[in-house]
file input.cif (mmCIF, C-alpha atoms; chains and numbers go by the auth columns)
data_work
#
loop_
_atom_site.group_PDB
_atom_site.id
_atom_site.type_symbol
_atom_site.label_atom_id
_atom_site.label_comp_id
_atom_site.label_asym_id
_atom_site.label_seq_id
_atom_site.Cartn_x
_atom_site.Cartn_y
_atom_site.Cartn_z
_atom_site.B_iso_or_equiv
_atom_site.auth_seq_id
_atom_site.auth_asym_id
ATOM 1 C CA MET A 1 8.810 -10.629 1.258 0.00 241 A
ATOM 2 C CA ASP A 2 5.223 -11.079 0.083 0.00 242 A
ATOM 3 C CA ILE A 3 3.445 -8.819 -2.368 0.00 243 A
ATOM 4 C CA GLY A 4 1.495 -6.999 0.337 0.00 244 A
ATOM 5 C CA ASN A 5 4.689 -6.021 2.116 0.00 245 A
ATOM 6 C CA LEU A 6 6.323 -4.990 -1.166 0.00 246 A
ATOM 7 C CA LEU A 7 3.407 -2.761 -2.089 0.00 247 A
ATOM 8 C CA GLN A 8 3.302 -1.229 1.400 0.00 248 A
ATOM 9 C CA MET A 9 7.031 -0.540 1.169 0.00 249 A
ATOM 10 C CA GLY A 10 6.495 1.116 -2.210 0.00 250 A
ATOM 11 C CA ALA A 11 3.655 3.199 -0.781 0.00 251 A
ATOM 12 C CA SER A 12 5.872 4.321 2.084 0.00 252 A
ATOM 13 C CA LEU A 13 8.631 5.357 -0.331 0.00 253 A
ATOM 14 C CA ILE A 14 6.132 7.319 -2.408 0.00 254 A
ATOM 15 C CA GLN A 15 4.648 9.037 0.647 0.00 255 A
ATOM 16 C CA GLY A 16 8.127 9.968 1.833 0.00 256 A
ATOM 17 C CA ASN A 17 9.384 11.460 -1.407 0.00 257 A
ATOM 18 C CA SER A 18 9.909 15.174 -1.952 0.00 258 A
ATOM 19 C CA ASP A 19 6.804 15.715 -4.123 0.00 259 A
ATOM 20 C CA GLU A 20 4.019 17.483 -2.223 0.00 260 A
ATOM 21 C CA ALA A 21 1.447 15.847 -4.516 0.00 261 A
ATOM 22 C CA THR A 22 2.211 12.413 -3.078 0.00 262 A
ATOM 23 C CA SER A 23 3.201 13.178 0.506 0.00 263 A
ATOM 24 C CA GLY A 24 -0.398 13.511 1.705 0.00 264 A
ATOM 25 C CA LEU A 25 -1.812 10.485 -0.093 0.00 265 A
ATOM 26 C CA ASP A 26 -3.393 7.598 1.766 0.00 266 A
ATOM 27 C CA ALA A 27 -1.037 4.602 1.991 0.00 267 A
ATOM 28 C CA SER A 28 -3.778 2.109 1.147 0.00 268 A
ATOM 29 C CA ALA A 29 -4.694 4.069 -1.990 0.00 269 A
ATOM 30 C CA ILE A 30 -1.050 4.019 -3.091 0.00 270 A
ATOM 31 C CA THR A 31 -0.809 0.298 -2.298 0.00 271 A
ATOM 32 C CA ASP A 32 -3.918 -0.399 -4.408 0.00 272 A
ATOM 33 C CA ALA A 33 -2.599 1.706 -7.300 0.00 273 A
ATOM 34 C CA LEU A 34 0.774 -0.062 -7.176 0.00 274 A
ATOM 35 C CA GLY A 35 -0.974 -3.436 -7.086 0.00 275 A
ATOM 36 C CA GLY A 36 -2.862 -2.514 -10.238 0.00 276 A
ATOM 37 C CA LEU A 37 0.314 -1.319 -11.897 0.00 277 A
ATOM 38 C CA PHE A 38 2.379 -4.392 -11.066 0.00 278 A
ATOM 39 C CA GLY A 39 -0.427 -6.899 -11.574 0.00 279 A
ATOM 40 C CA GLY A 40 -0.039 -8.705 -8.284 0.00 280 A
ATOM 41 C CA ASP A 41 -1.990 -11.920 -7.871 0.00 281 A
ATOM 42 C CA SER A 42 -3.562 -13.703 -4.931 0.00 282 A
ATOM 43 C CA GLU A 43 -0.707 -16.207 -4.727 0.00 283 A
ATOM 44 C CA GLY A 44 1.829 -13.521 -3.914 0.00 284 A
ATOM 45 C CA GLY A 45 3.046 -13.072 -7.468 0.00 285 A
ATOM 46 C CA LEU A 46 4.291 -9.796 -8.793 0.00 286 A
ATOM 47 C CA ASP A 47 4.193 -9.471 -12.572 0.00 287 A
ATOM 48 C CA LEU A 48 7.294 -7.481 -13.336 0.00 288 A
ATOM 49 C CA SER A 49 7.837 -9.302 -16.616 0.00 289 A
ATOM 50 C CA SER A 50 6.512 -6.278 -18.508 0.00 290 A
ATOM 51 C CA ILE A 51 9.338 -4.180 -17.072 0.00 291 A
ATOM 52 C CA VAL A 52 11.940 -6.679 -18.228 0.00 292 A
ATOM 53 C CA GLY A 53 10.055 -7.113 -21.492 0.00 293 A
ATOM 54 C CA ASN A 54 10.165 -3.393 -22.229 0.00 294 A
ATOM 55 C CA LEU A 55 13.944 -3.569 -22.253 0.00 295 A
ATOM 56 C CA THR A 56 13.888 -5.669 -25.394 0.00 296 A
ATOM 57 C CA GLY A 57 12.546 -2.991 -27.721 0.00 297 A
ATOM 58 C CA GLY A 58 14.459 -0.114 -29.257 0.00 298 A
ATOM 59 C CA GLU A 59 17.080 2.001 -27.568 0.00 299 A
ATOM 60 C CA ASP A 60 17.161 1.309 -23.857 0.00 300 A
ATOM 61 C CA GLY A 61 19.074 4.429 -22.761 0.00 301 A
ATOM 62 C CA GLY A 62 20.912 2.455 -20.092 0.00 302 A
ATOM 63 C CA LEU A 63 17.724 0.943 -18.683 0.00 303 A
ATOM 64 C CA MET A 64 19.001 -2.610 -19.054 0.00 304 A
ATOM 65 C CA GLU A 65 21.876 -1.873 -16.687 0.00 305 A
ATOM 66 C CA THR A 66 19.570 0.001 -14.319 0.00 306 A
ATOM 67 C CA VAL A 67 17.015 -2.806 -14.035 0.00 307 A
ATOM 68 C CA SER A 68 19.794 -5.388 -13.859 0.00 308 A
ATOM 69 C CA SER A 69 21.115 -3.596 -10.761 0.00 309 A
ATOM 70 C CA TRP A 70 17.689 -3.943 -9.133 0.00 310 A
ATOM 71 C CA ILE A 71 17.407 -7.642 -9.944 0.00 311 A
ATOM 72 C CA GLY A 72 20.968 -8.511 -9.038 0.00 312 A
ATOM 73 C CA SER A 73 22.595 -8.167 -5.670 0.00 313 A
ATOM 74 C CA GLY A 74 24.374 -4.979 -4.692 0.00 314 A
ATOM 75 C CA GLU A 75 23.593 -1.294 -5.051 0.00 315 A
ATOM 76 C CA ASN A 76 20.350 -0.328 -6.826 0.00 316 A
ATOM 77 C CA ALA A 77 20.836 2.232 -9.566 0.00 317 A
ATOM 78 C CA ALA A 78 18.415 5.152 -9.555 0.00 318 A
ATOM 79 C CA ILE A 79 16.061 5.687 -12.450 0.00 319 A
ATOM 80 C CA ASP A 80 15.279 9.112 -13.827 0.00 320 A
ATOM 81 C CA PRO A 81 11.551 9.915 -13.871 0.00 321 A
ATOM 82 C CA SER A 82 11.812 10.544 -17.617 0.00 322 A
ATOM 83 C CA GLN A 83 12.884 6.903 -18.084 0.00 323 A
ATOM 84 C CA VAL A 84 9.951 5.489 -16.130 0.00 324 A
ATOM 85 C CA GLU A 85 7.635 6.025 -19.098 0.00 325 A
ATOM 86 C CA ASP A 86 9.970 3.999 -21.339 0.00 326 A
ATOM 87 C CA LEU A 87 10.052 1.234 -18.774 0.00 327 A
ATOM 88 C CA ILE A 88 6.386 1.014 -17.787 0.00 328 A
ATOM 89 C CA GLY A 89 4.488 2.802 -20.531 0.00 329 A
ATOM 90 C CA GLY A 90 2.531 6.024 -20.535 0.00 330 A
ATOM 91 C CA ASP A 91 -0.868 4.341 -20.341 0.00 331 A
ATOM 92 C CA LYS A 92 -0.019 2.498 -17.127 0.00 332 A
ATOM 93 C CA ILE A 93 1.469 5.643 -15.595 0.00 333 A
ATOM 94 C CA SER A 94 -1.680 7.593 -16.523 0.00 334 A
ATOM 95 C CA GLU A 95 -3.878 4.948 -14.878 0.00 335 A
ATOM 96 C CA PHE A 96 -1.683 5.053 -11.768 0.00 336 A
ATOM 97 C CA ALA A 97 -1.874 8.869 -11.678 0.00 337 A
ATOM 98 C CA ASP A 98 -5.652 8.850 -12.176 0.00 338 A
ATOM 99 C CA LYS A 99 -6.181 6.361 -9.335 0.00 339 A
ATOM 100 C CA LEU A 100 -4.260 8.658 -7.001 0.00 340 A
ATOM 101 C CA GLY A 101 -5.538 11.973 -8.354 0.00 341 A
ATOM 102 C CA ILE A 102 -2.048 13.257 -9.151 0.00 342 A
ATOM 103 C CA ASN A 103 -0.523 14.561 -12.355 0.00 343 A
ATOM 104 C CA PHE A 104 1.522 12.476 -14.774 0.00 344 A
ATOM 105 C CA ASP A 105 4.880 13.984 -13.758 0.00 345 A
ATOM 106 C CA SER A 106 4.224 13.344 -10.059 0.00 346 A
ATOM 107 C CA ALA A 107 3.309 9.749 -10.911 0.00 347 A
ATOM 108 C CA LYS A 108 6.588 9.286 -12.820 0.00 348 A
ATOM 109 C CA GLN A 109 8.554 10.729 -9.893 0.00 349 A
ATOM 110 C CA ALA A 110 6.713 8.510 -7.411 0.00 350 A
ATOM 111 C CA LEU A 111 7.442 5.415 -9.449 0.00 351 A
ATOM 112 C CA ALA A 112 11.085 6.413 -9.923 0.00 352 A
ATOM 113 C CA ASP A 113 11.353 6.608 -6.137 0.00 353 A
ATOM 114 C CA ALA A 114 9.682 3.248 -5.510 0.00 354 A
ATOM 115 C CA LEU A 115 10.670 0.959 -8.404 0.00 355 A
ATOM 116 C CA PRO A 116 14.304 0.215 -7.483 0.00 356 A
ATOM 117 C CA GLU A 117 13.459 -0.932 -3.962 0.00 357 A
ATOM 118 C CA VAL A 118 10.285 -2.807 -4.888 0.00 358 A
ATOM 119 C CA VAL A 119 11.999 -4.781 -7.672 0.00 359 A
ATOM 120 C CA SER A 120 15.109 -5.338 -5.563 0.00 360 A
ATOM 121 C CA ASN A 121 13.077 -6.702 -2.664 0.00 361 A
ATOM 122 C CA ALA A 122 11.023 -8.867 -5.035 0.00 362 A
ATOM 123 C CA THR A 123 14.297 -10.452 -6.198 0.00 363 A
ATOM 124 C CA PRO A 124 16.480 -10.520 -3.073 0.00 364 A
ATOM 125 C CA ASN A 125 18.997 -13.003 -4.470 0.00 365 A
ATOM 126 C CA GLY A 126 18.899 -12.123 -8.122 0.00 366 A
ATOM 127 C CA ASP A 127 16.870 -15.135 -9.153 0.00 367 A
ATOM 128 C CA GLU A 128 14.817 -15.906 -6.065 0.00 368 A
ATOM 129 C CA GLY A 129 11.786 -14.275 -4.560 0.00 369 A
ATOM 130 C CA LEU A 130 8.671 -13.172 -6.394 0.00 370 A
ATOM 131 C CA LEU A 131 10.337 -13.069 -9.802 0.00 371 A
ATOM 132 C CA GLY A 132 11.852 -16.499 -9.379 0.00 372 A
ATOM 133 C CA ASN A 133 9.524 -18.279 -11.794 0.00 373 A
ATOM 134 C CA LEU A 134 10.006 -15.738 -14.553 0.00 374 A
ATOM 135 C CA LEU A 135 13.754 -15.598 -14.150 0.00 375 A
ATOM 136 C CA SER A 136 14.201 -19.353 -13.789 0.00 376 A
ATOM 137 C CA GLN A 137 12.606 -19.799 -17.207 0.00 377 A
ATOM 138 C CA VAL A 138 15.402 -17.779 -18.810 0.00 378 A
ATOM 139 C CA GLY A 139 18.310 -18.910 -16.636 0.00 379 A
ATOM 140 C CA GLY A 140 18.087 -16.443 -13.740 0.00 380 A
ATOM 141 C CA ALA A 141 19.033 -12.768 -13.752 0.00 381 A
ATOM 142 C CA GLU A 142 22.151 -13.440 -15.807 0.00 382 A
ATOM 143 C CA GLY A 143 20.120 -15.391 -18.355 0.00 383 A
ATOM 144 C CA ALA A 144 17.528 -12.626 -18.646 0.00 384 A
ATOM 145 C CA MET A 145 20.155 -9.941 -19.070 0.00 385 A
ATOM 146 C CA GLY A 146 22.091 -12.138 -21.503 0.00 386 A
ATOM 147 C CA MET A 147 18.984 -12.729 -23.576 0.00 387 A
ATOM 148 C CA ILE A 148 18.232 -9.022 -23.610 0.00 388 A
ATOM 149 C CA GLY A 149 21.856 -8.211 -24.438 0.00 389 A
ATOM 150 C CA LYS A 150 21.741 -10.510 -27.476 0.00 390 A
ATOM 151 C CA MET A 151 18.740 -8.614 -28.771 0.00 391 A
ATOM 152 C CA PHE A 152 20.745 -5.384 -28.695 0.00 392 A
ATOM 153 C CA GLY A 153 23.959 -6.992 -30.003 0.00 393 A
#

call {"tool": "encode", "arguments": {"input": "input.cif", "output": "C-alpha cells"}}
result
Amino acid sequence: MDIGNLLQMGASLIQGNSDEATSGLDASAITDALGGLFGGDSEGGLDLSSIVGNLTGGEDGGLMETVSSWIGSGENAAIDPSQVEDLIGGDKISEFADKLGINFDSAKQALADALPEVVSNATPNGDEGLLGNLLSQVGGAEGAMGMIGKMFG
C-alpha cells in the first residue's frame, strides 16, 4: 500500500470516529495533516522511525508492546489517546490539531483511532512495506523490539 492510500485510510478512520470535531472535516485536509505528521516523502516513504524512536526513552507504559502489535502480524492493540502524546510528542499533535482547526484532545483521539491501522498497513508482514528499510537496518520487527527491550532491561 503506498503512502497516499495509507494517508487516505487514516483520514477515513478519523472522519468515521465518534468525535464530532473530526467527523465533518475534509478528507484531503486530514490527509495533508497526516502527511505532515508522518513525514511522507515523494518516493512513497513513511517516516515512522520517530514513533519507534520514542519508545526508547523513559517509561513506555506498555507502548512498546502496543506498537509491536501494529508492526507485527496479528491483532492490532488499541492505543489510549493519553498515550499518543508520549508516542508522537505534544508539538506534533498541536501542529496536527492546528492544521485541522480542532482542539488538542480531539487530535489525540483522532490519532489514536488512525495510528494502529496506518502503521499496521505500512508494515503488512512485520518487516516489509513502507517501514522495510528502517526495520531491515535493525533486523526486522523482532530486531527493533529486541533492541528497544535491551534499553529497558

call {"tool": "resolve_selection", "arguments": {"input": "input.cif", "expression": "the PyMOL selection byres ((chain A and resi 311) around 6)", "output": "ChimeraX atom specification"}}
result
/A:308-310,312,360,363,366

call {"tool": "residues_near_point", "arguments": {"input": "input.cif", "point": "(9.8, 10.5, -12.6)", "cutoff": "7 Å", "atoms": "all atoms listed in the file", "output": "MDAnalysis selection string"}}
result
chainID A and resid 320:322 324 345:352

call {"tool": "resolve_selection", "arguments": {"input": "input.cif", "expression": "the PyMOL selection byres ((chain A and resi 264) around 12)", "output": "PDB file with C-alpha atoms, in the frame of the given file"}}
result
ATOM      1  CA  ALA A 251       3.655   3.199  -0.781  1.00  0.00           C
ATOM      2  CA  SER A 252       5.872   4.321   2.084  1.00  0.00           C
ATOM      3  CA  ILE A 254       6.132   7.319  -2.408  1.00  0.00           C
ATOM      4  CA  GLN A 255       4.648   9.037   0.647  1.00  0.00           C
ATOM      5  CA  GLY A 256       8.127   9.968   1.833  1.00  0.00           C
ATOM      6  CA  ASN A 257       9.384  11.460  -1.407  1.00  0.00           C
ATOM      7  CA  SER A 258       9.909  15.174  -1.952  1.00  0.00           C
ATOM      8  CA  ASP A 259       6.804  15.715  -4.123  1.00  0.00           C
ATOM      9  CA  GLU A 260       4.019  17.483  -2.223  1.00  0.00           C
ATOM     10  CA  ALA A 261       1.447  15.847  -4.516  1.00  0.00           C
ATOM     11  CA  THR A 262       2.211  12.413  -3.078  1.00  0.00           C
ATOM     12  CA  SER A 263       3.201  13.178   0.506  1.00  0.00           C
ATOM     13  CA  LEU A 265      -1.812  10.485  -0.093  1.00  0.00           C
ATOM     14  CA  ASP A 266      -3.393   7.598   1.766  1.00  0.00           C
ATOM     15  CA  ALA A 267      -1.037   4.602   1.991  1.00  0.00           C
ATOM     16  CA  SER A 268      -3.778   2.109   1.147  1.00  0.00           C
ATOM     17  CA  ALA A 269      -4.694   4.069  -1.990  1.00  0.00           C
ATOM     18  CA  ILE A 270      -1.050   4.019  -3.091  1.00  0.00           C
ATOM     19  CA  LEU A 340      -4.260   8.658  -7.001  1.00  0.00           C
ATOM     20  CA  GLY A 341      -5.538  11.973  -8.354  1.00  0.00           C
ATOM     21  CA  ILE A 342      -2.048  13.257  -9.151  1.00  0.00           C
TER      22      ILE A 342
END

call {"tool": "resolve_selection", "arguments": {"input": "input.cif", "expression": "the PyMOL selection byres ((chain A and resi 273) around 10)", "output": "PyMOL selection string"}}
result
chain A and resi 247+251+267-272+274-279+335-340

call {"tool": "closest_residue", "arguments": {"input": "input.cif", "among": "A:Ala354, A:Ala362, A:Phe344, A:Glu305", "to": "Met249 in chain A", "atoms": "all atoms listed in the file"}}
result
A:Ala354

call {"tool": "axis_aligned_box", "arguments": {"input": "input.cif", "around": "range 341-351 of chain A", "padding_each_side": "4 Å", "output": "AutoDock Vina command-line options"}}
result
--center_x 1.5 --center_y 10.0 --center_z -11.1 --size_x 22.1 --size_y 17.1 --size_z 15.4

call {"tool": "atom_distance", "arguments": {"input": "input.cif", "atom1": "CA of Asp326 in chain A", "atom2": "CA of Pro356 in chain A"}}
result
15.0 Å

call {"tool": "atom_distance", "arguments": {"input": "input.cif", "atom1": "CA of Gly330 in chain A", "atom2": "CA of Thr306 in chain A"}}
result
19.1 Å

call {"tool": "atom_distance", "arguments": {"input": "input.cif", "atom1": "CA of Ile319 in chain A", "atom2": "CA of Val358 in chain A"}}
result
12.8 Å
